[in-house]
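Engineer: This is the structure I want to talk about, given as structure tokens.
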Amino acid sequence: MLVIGATGRHGGTGARVVERLQAAGRLVRALVRSDDERAERLRQSGVQTLVGDLHDRRTLPPALDGAESVYIAYPVAAGVVDALANVASVIHEQGSSPHVVIMSSGAADPNSPSGIARAHALSEELLLQLGVDFTAVRGSAFFYENVLGFHADAIRETGVFANSYGDARPAWIAGTDAGDLCATALLDPQHHANTPMVYPPGHERLSQHEIADIISEETGREVRYQHITADEWSRQLQAHSGGLPNHAMIEHITTNAAMCENDTTILRKDIDPSALEAASGRPPLTFRNFVRHHRAAFGAATAKV
């Protein structure tokens, strides 16, 4: 089984899929962009690693050769159409028929206001036309990890975080639970045999004010949410240290926030903890427990007793 995105940081679904596949006794191969310490950790866990790039078709045949199933967690960035076209081209050339599972966008639609979501919809249409056996996991629930990645610094330093979600209460999920849903699709291809597009549920619905309250309770310090416009949040994200997130991600996350605030029907708000538990065999992670795991990052001064 091939995992593309096993070292990704956003949500970490690829790493979770690797864990689940290994626990099921499957041999795992990973395509990595750099032979760095993350690739070395994969090798130490028993994963065969190959260096390659979804945007360089020449590097893909060795990774896809003989793979019975493939998981792709493309980063929240531009280029997914070219990347998946390269994968489909190699599959066609090799005459193979692996089951491909894609971590997709809940807003994927040809007319979505998000450029990344439109690209996901186009790439999935392309896979359909090329006859690739795939399941697109179109998750509408936001990752808890978004709060950590986008807001932990501000929360830790000022006790205030800002974005343009307003009073919306979208669905949320842990990256590990989203990874479990994708692993289920890989290990049991017939689970979603009726349609290539699936819309998994989240775990809980939370507003930004509720998120602030939970972080306050778990860190023992006052944390407040401030509503700002999408343009203001975009400017804040562009000023993020290190030049991240990228431009396409900024457009995507602020557009998704607008869809939540405007109650756009493209983004679903389904929650179903029992479905998540069935996929993982354990209760899904709550946002409260997620914060407990990252108390220091959110500015907690002492360990919680």
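Every chain in the structure tokens has a letter given in the order shown (A, B, ...), and although residue numbers restart at 1 in each chain, ligands are simply numbered from 1 in the order shown.
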For Ile173 in chain A, list every protein, DNA or RNA residue within 6 Å, evaluated using only C-alpha atoms, and leave out those in the same chain fewer than 5 positions away; present the list as a list of chain:residue names.

Structural biologist: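 Residues near the query, excluding close chain neighbours: A:Ala141, A:Phe143, A:Tyr144, A:Gly202, A:His203.
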
Engineer: For range 84-88 of chain A, find every residue with an atom within 8 Å (counting only C-alpha atoms), except residues of its own chain fewer than 5 positions away, and show them as a PDB file with all heavy atoms, in the first residue's frame.

Structural biologist:
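Result written to result-v6.pdb:
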ATOM      1  N   LEU A  54       4.941  14.586  -6.795  1.00  0.00           N
ATOM      2  CA  LEU A  54       3.727  14.425  -7.587  1.00  0.00           C
ATOM      3  C   LEU A  54       3.730  15.293  -8.838  1.00  0.00           C
ATOM      4  O   LEU A  54       3.014  15.007  -9.803  1.00  0.00           O
ATOM      5  CB  LEU A  54       2.495  14.756  -6.741  1.00  0.00           C
ATOM      6  CG  LEU A  54       2.078  13.711  -5.703  1.00  0.00           C
ATOM      7  CD1 LEU A  54       0.958  14.251  -4.821  1.00  0.00           C
ATOM      8  CD2 LEU A  54       1.650  12.417  -6.377  1.00  0.00           C
ATOM      9  N   HIS A  55       4.531  16.350  -8.840  1.00  0.00           N
ATOM     10  CA  HIS A  55       4.594  17.233 -10.004  1.00  0.00           C
ATOM     11  C   HIS A  55       5.703  16.838 -10.984  1.00  0.00           C
ATOM     12  O   HIS A  55       5.893  17.524 -11.997  1.00  0.00           O
ATOM     13  CB  HIS A  55       4.750  18.684  -9.561  1.00  0.00           C
ATOM     14  CG  HIS A  55       3.544  19.193  -8.848  1.00  0.00           C
ATOM     15  ND1 HIS A  55       2.388  19.544  -9.509  1.00  0.00           N
ATOM     16  CD2 HIS A  55       3.287  19.377  -7.530  1.00  0.00           C
ATOM     17  CE1 HIS A  55       1.472  19.929  -8.627  1.00  0.00           C
ATOM     18  NE2 HIS A  55       1.995  19.833  -7.424  1.00  0.00           N
ATOM     19  N   ASP A  56       6.409  15.773 -10.681  1.00  0.00           N
ATOM     20  CA  ASP A  56       7.416  15.242 -11.600  1.00  0.00           C
ATOM     21  C   ASP A  56       7.027  13.800 -11.910  1.00  0.00           C
ATOM     22  O   ASP A  56       7.352  12.878 -11.153  1.00  0.00           O
ATOM     23  CB  ASP A  56       8.812  15.313 -10.974  1.00  0.00           C
ATOM     24  CG  ASP A  56       9.906  14.888 -11.943  1.00  0.00           C
ATOM     25  OD1 ASP A  56       9.582  14.299 -13.006  1.00  0.00           O
ATOM     26  OD2 ASP A  56      11.087  15.134 -11.635  1.00  0.00           O
ATOM     27  N   ARG A  57       6.320  13.609 -12.979  1.00  0.00           N
ATOM     28  CA  ARG A  57       5.783  12.291 -13.311  1.00  0.00           C
ATOM     29  C   ARG A  57       6.858  11.213 -13.366  1.00  0.00           C
ATOM     30  O   ARG A  57       6.596  10.040 -13.052  1.00  0.00           O
ATOM     31  CB  ARG A  57       5.043  12.365 -14.652  1.00  0.00           C
ATOM     32  CG  ARG A  57       4.302  11.079 -15.039  1.00  0.00           C
ATOM     33  CD  ARG A  57       3.808  11.154 -16.473  1.00  0.00           C
ATOM     34  NE  ARG A  57       3.043   9.963 -16.856  1.00  0.00           N
ATOM     35  CZ  ARG A  57       3.599   8.793 -17.164  1.00  0.00           C
ATOM     36  NH1 ARG A  57       4.924   8.643 -17.121  1.00  0.00           N
ATOM     37  NH2 ARG A  57       2.827   7.764 -17.512  1.00  0.00           N
ATOM     38  N   LEU A  60       7.243   8.918 -10.301  1.00  0.00           N
ATOM     39  CA  LEU A  60       6.097   8.202  -9.746  1.00  0.00           C
ATOM     40  C   LEU A  60       6.029   6.711 -10.078  1.00  0.00           C
ATOM     41  O   LEU A  60       5.516   5.935  -9.261  1.00  0.00           O
ATOM     42  CB  LEU A  60       4.797   8.883 -10.184  1.00  0.00           C
ATOM     43  CG  LEU A  60       4.644  10.351  -9.765  1.00  0.00           C
ATOM     44  CD1 LEU A  60       3.276  10.877 -10.205  1.00  0.00           C
ATOM     45  CD2 LEU A  60       4.830  10.520  -8.268  1.00  0.00           C
ATOM     46  N   SER A 123     -10.044  17.774 -10.470  1.00  0.00           N
ATOM     47  CA  SER A 123      -9.160  16.611 -10.473  1.00  0.00           C
ATOM     48  C   SER A 123      -9.952  15.325 -10.297  1.00  0.00           C
ATOM     49  O   SER A 123      -9.644  14.295 -10.921  1.00  0.00           O
ATOM     50  CB  SER A 123      -8.106  16.742  -9.367  1.00  0.00           C
ATOM     51  OG  SER A 123      -8.694  16.745  -8.082  1.00  0.00           O
ATOM     52  N   LEU A 126     -11.589  14.450 -13.495  1.00  0.00           N
ATOM     53  CA  LEU A 126     -10.582  13.880 -14.379  1.00  0.00           C
ATOM     54  C   LEU A 126     -10.354  12.400 -14.067  1.00  0.00           C
ATOM     55  O   LEU A 126     -10.282  11.563 -14.982  1.00  0.00           O
ATOM     56  CB  LEU A 126      -9.272  14.657 -14.237  1.00  0.00           C
ATOM     57  CG  LEU A 126      -8.071  14.159 -15.030  1.00  0.00           C
ATOM     58  CD1 LEU A 126      -8.333  14.299 -16.523  1.00  0.00           C
ATOM     59  CD2 LEU A 126      -6.818  14.943 -14.642  1.00  0.00           C
ATOM     60  N   LEU A 127     -10.250  12.045 -12.779  1.00  0.00           N
ATOM     61  CA  LEU A 127     -10.055  10.647 -12.405  1.00  0.00           C
ATOM     62  C   LEU A 127     -11.233   9.791 -12.850  1.00  0.00           C
ATOM     63  O   LEU A 127     -11.053   8.645 -13.301  1.00  0.00           O
ATOM     64  CB  LEU A 127      -9.857  10.531 -10.890  1.00  0.00           C
ATOM     65  CG  LEU A 127      -8.593  11.167 -10.300  1.00  0.00           C
ATOM     66  CD1 LEU A 127      -8.484  10.851  -8.822  1.00  0.00           C
ATOM     67  CD2 LEU A 127      -7.341  10.720 -11.027  1.00  0.00           C
ATOM     68  N   LEU A 130     -10.973   9.124 -16.517  1.00  0.00           N
ATOM     69  CA  LEU A 130      -9.877   8.224 -16.845  1.00  0.00           C
ATOM     70  C   LEU A 130     -10.085   6.820 -16.290  1.00  0.00           C
ATOM     71  O   LEU A 130      -9.238   5.946 -16.479  1.00  0.00           O
ATOM     72  CB  LEU A 130      -8.550   8.797 -16.326  1.00  0.00           C
ATOM     73  CG  LEU A 130      -8.092  10.085 -17.012  1.00  0.00           C
ATOM     74  CD1 LEU A 130      -6.832  10.623 -16.352  1.00  0.00           C
ATOM     75  CD2 LEU A 130      -7.833   9.843 -18.496  1.00  0.00           C
ATOM     76  N   VAL A 132     -10.194   5.773 -13.119  1.00  0.00           N
ATOM     77  CA  VAL A 132      -9.463   5.405 -11.906  1.00  0.00           C
ATOM     78  C   VAL A 132     -10.454   5.002 -10.817  1.00  0.00           C
ATOM     79  O   VAL A 132     -11.474   5.668 -10.614  1.00  0.00           O
ATOM     80  CB  VAL A 132      -8.587   6.586 -11.417  1.00  0.00           C
ATOM     81  CG1 VAL A 132      -7.901   6.245 -10.094  1.00  0.00           C
ATOM     82  CG2 VAL A 132      -7.555   6.951 -12.482  1.00  0.00           C
TER      83      VAL A 132
END

Engineer: What's the 9 Å shell around Pro201 in chain A, counting only C-alpha atoms, without same-chain residues fewer than 3 positions away, as a PyMOL selection string?

Structural biologist: chain A and resi 139-141+171-173+268-273+275-276

Engineer: What are the DSSP strand (DSSP E or B) residues of range 119-210 of chain A, as a list in words?

Structural biologist: Phe134, Thr135, Ala136, Val137, Arg138, Gly139, Phe142, Phe143, Val160, Phe161, Ala162, Asn163, Ala171, Trp172, Ile173, Met197, Val198, Gly202, Glu204 and Arg205 of chain A

Engineer: Find, counting only C-alpha atoms, the residue in A:Val70, A:Leu122, A:Ala296, A:Leu267 that gets nearest to Gly106 in chain A.

Structural biologist: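 Of the candidates, the smallest distance to Gly106 in chain A is held by A:Leu267.
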
Engineer: Restricting the calculation to only C-alpha atoms: of A:Ala67, A:Ala300, A:Ala193, A:Val81, which residue gets closest to Thr135 in chain A?

Structural biologist: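 Closest to Thr135 in chain A of all the choices is A:Ala193.
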
Engineer: Using DSSP secondary structure from the backbone, list all alpha helix (DSSP H) positions within range 33-203 of chain A, as a ChimeraX atom specification.

Structural biologist: /A:37-44,61-64,80-94,115-129,144-158,175-187

Engineer: Return the single residue from A:His92, A:His191, A:Arg235, A:His99 that is closest to Asn163 in chain A, with distances computed using only C-alpha atoms.

Structural biologist: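 Going through A:His92, A:His191, A:Arg235, A:His99 one by one, the smallest distance to Asn163 in chain A is for A:Arg235.
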
Engineer: Residues at most 10 Å from Ala152 in chain A, counting only C-alpha atoms, excluding those fewer than 5 positions away in the same chain, as a list in words?

Structural biologist: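 The contact residues come out as Glu145, Asn146, Val147, Glu157, Thr158, Gly159, Val160, Phe161, His294, Arg295, Ala296, Ala297, Phe298 and Gly299 of chain A.
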